[in-house]
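Heads up, the thing below is written out as structure tokens.
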Amino acid sequence: MAQKKKVKPAARKPVKKVVKKKAVKKPVKKAVKKEMAPPPRPVTALECQVCGYRLIIDRKCGCAEEHVLVCCGQPMQKVETTI
């Protein structure tokens with residue numbers, strides 16, 4: 001009887017490593033809400049003509065006569081400004 005030759009297994013091919021590429025995310029533009037700043041409002045201020053100190057009057061007292069504030073020995077002058 002003839003003997004069967006043992007068949008050698010086929011040589012394995014080298015396995016290529018798969019490198020996963022990270023997905024590039026596109027920047028997402030967020031909707032920007034335009035918040036409206038309140039419009040500047042006129043206020044009354046008192047300013048010293050000597051040193052430049054400014055006092056902003058945010059609430060009127062309701063007195064009938066005007067108050068005189070003194071800074072550096074001189075009365076302060078009224079100035080209209082916006083904030």
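If you're wondering about the labels, chains in the structure tokens are A, B, ... by order shown, residues count from 1 in each chain, ligands from 1 in order shown.
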
Find the residues near Gly73 (chain A): any atom within 12 Å, counting only C-alpha atoms, skip ones fewer than 6 places away on the same chain, and give them as an MDAnalysis selection string.
chainID A and resid 48:51

Give me a file of those residues, with C-alpha atoms, as an mmCIF file, in the first residue's frame.
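Once everything was written out, this is part.cif:
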data_model
loop_
_atom_site.group_PDB
_atom_site.id
_atom_site.type_symbol
_atom_site.label_atom_id
_atom_site.label_comp_id
_atom_site.auth_asym_id
_atom_site.auth_seq_id
_atom_site.Cartn_x
_atom_site.Cartn_y
_atom_site.Cartn_z
ATOM 1 C CA CYS A 48 -15.242 119.366 41.010
ATOM 2 C CA GLN A 49 -13.468 121.871 38.743
ATOM 3 C CA VAL A 50 -10.262 121.623 40.826
ATOM 4 C CA CYS A 51 -9.573 117.891 41.263
#

May I ask which of the residues A:Gln77, A:Val18, A:Arg12, A:Cys71 is the closest one to Leu46 (chain A), counting only C-alpha atoms?
A:Gln77

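Compared by their closest atoms to Thr44 (chain A), and using only C-alpha atoms, the residues A:Met76, A:Ala23, A:Val32, A:Ile57 rank with A:Ile57 nearest.
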
Test item, strand (DSSP E or B) assignment across chain A, answer as a VMD selection string:
chain A and resid 42 to 47 54 to 57 70 to 71 74 to 75 77 to 82

Residue selection dump (N, CA and C atoms) as an mmCIF file, in the first residue's frame:
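As a result, again30.cif now contains:
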data_model
loop_
_atom_site.group_PDB
_atom_site.id
_atom_site.type_symbol
_atom_site.label_atom_id
_atom_site.label_comp_id
_atom_site.auth_asym_id
_atom_site.auth_seq_id
_atom_site.Cartn_x
_atom_site.Cartn_y
_atom_site.Cartn_z
ATOM 1 N N PRO A 42 -29.092 109.329 30.164
ATOM 2 C CA PRO A 42 -28.491 110.555 30.688
ATOM 3 C C PRO A 42 -28.688 110.637 32.199
ATOM 4 N N VAL A 43 -27.649 111.054 32.887
ATOM 5 C CA VAL A 43 -27.721 111.230 34.333
ATOM 6 C C VAL A 43 -27.104 112.573 34.684
ATOM 7 N N THR A 44 -27.457 113.044 35.829
ATOM 8 C CA THR A 44 -26.894 114.287 36.331
ATOM 9 C C THR A 44 -25.733 113.945 37.243
ATOM 10 N N ALA A 45 -24.641 114.657 37.070
ATOM 11 C CA ALA A 45 -23.473 114.443 37.912
ATOM 12 C C ALA A 45 -22.977 115.790 38.391
ATOM 13 N N LEU A 46 -22.283 115.769 39.494
ATOM 14 C CA LEU A 46 -21.625 116.966 40.010
ATOM 15 C C LEU A 46 -20.125 116.733 39.886
ATOM 16 N N GLU A 47 -19.409 117.730 39.355
ATOM 17 C CA GLU A 47 -17.979 117.565 39.123
ATOM 18 C C GLU A 47 -17.221 118.714 39.766
ATOM 19 N N ARG A 54 -15.969 113.323 40.461
ATOM 20 C CA ARG A 54 -17.313 113.363 39.897
ATOM 21 C C ARG A 54 -18.248 112.541 40.775
ATOM 22 N N LEU A 55 -19.390 113.121 41.096
ATOM 23 C CA LEU A 55 -20.398 112.484 41.930
ATOM 24 C C LEU A 55 -21.637 112.305 41.079
ATOM 25 N N ILE A 56 -22.085 111.052 40.888
ATOM 26 C CA ILE A 56 -23.247 110.776 40.047
ATOM 27 C C ILE A 56 -24.486 110.721 40.929
ATOM 28 N N ILE A 57 -25.499 111.450 40.508
ATOM 29 C CA ILE A 57 -26.760 111.491 41.251
ATOM 30 C C ILE A 57 -27.695 110.485 40.597
ATOM 31 N N VAL A 70 -19.747 120.798 48.341
ATOM 32 C CA VAL A 70 -18.476 121.510 48.252
ATOM 33 C C VAL A 70 -17.344 120.487 48.226
ATOM 34 N N CYS A 71 -16.398 120.684 47.287
ATOM 35 C CA CYS A 71 -15.204 119.844 47.202
ATOM 36 C C CYS A 71 -14.033 120.784 46.928
ATOM 37 N N GLN A 74 -14.651 124.632 46.868
ATOM 38 C CA GLN A 74 -15.502 125.273 45.867
ATOM 39 C C GLN A 74 -16.738 124.417 45.632
ATOM 40 N N PRO A 75 -17.870 125.057 45.293
ATOM 41 C CA PRO A 75 -19.069 124.266 45.003
ATOM 42 C C PRO A 75 -18.881 123.452 43.718
ATOM 43 N N GLN A 77 -19.908 121.694 40.183
ATOM 44 C CA GLN A 77 -20.714 122.135 39.044
ATOM 45 C C GLN A 77 -21.524 120.955 38.508
ATOM 46 N N LYS A 78 -22.750 121.256 38.018
ATOM 47 C CA LYS A 78 -23.592 120.221 37.438
ATOM 48 C C LYS A 78 -23.078 119.876 36.041
ATOM 49 N N VAL A 79 -23.072 118.556 35.728
ATOM 50 C CA VAL A 79 -22.634 118.071 34.434
ATOM 51 C C VAL A 79 -23.622 117.001 33.989
ATOM 52 N N GLU A 80 -24.058 117.062 32.727
ATOM 53 C CA GLU A 80 -24.919 116.004 32.163
ATOM 54 C C GLU A 80 -24.019 114.983 31.473
ATOM 55 N N THR A 81 -24.191 113.712 31.804
ATOM 56 C CA THR A 81 -23.380 112.651 31.201
ATOM 57 C C THR A 81 -24.249 111.427 30.981
ATOM 58 N N THR A 82 -23.720 110.420 30.320
ATOM 59 C CA THR A 82 -24.461 109.174 30.105
ATOM 60 C C THR A 82 -23.680 108.021 30.697
#
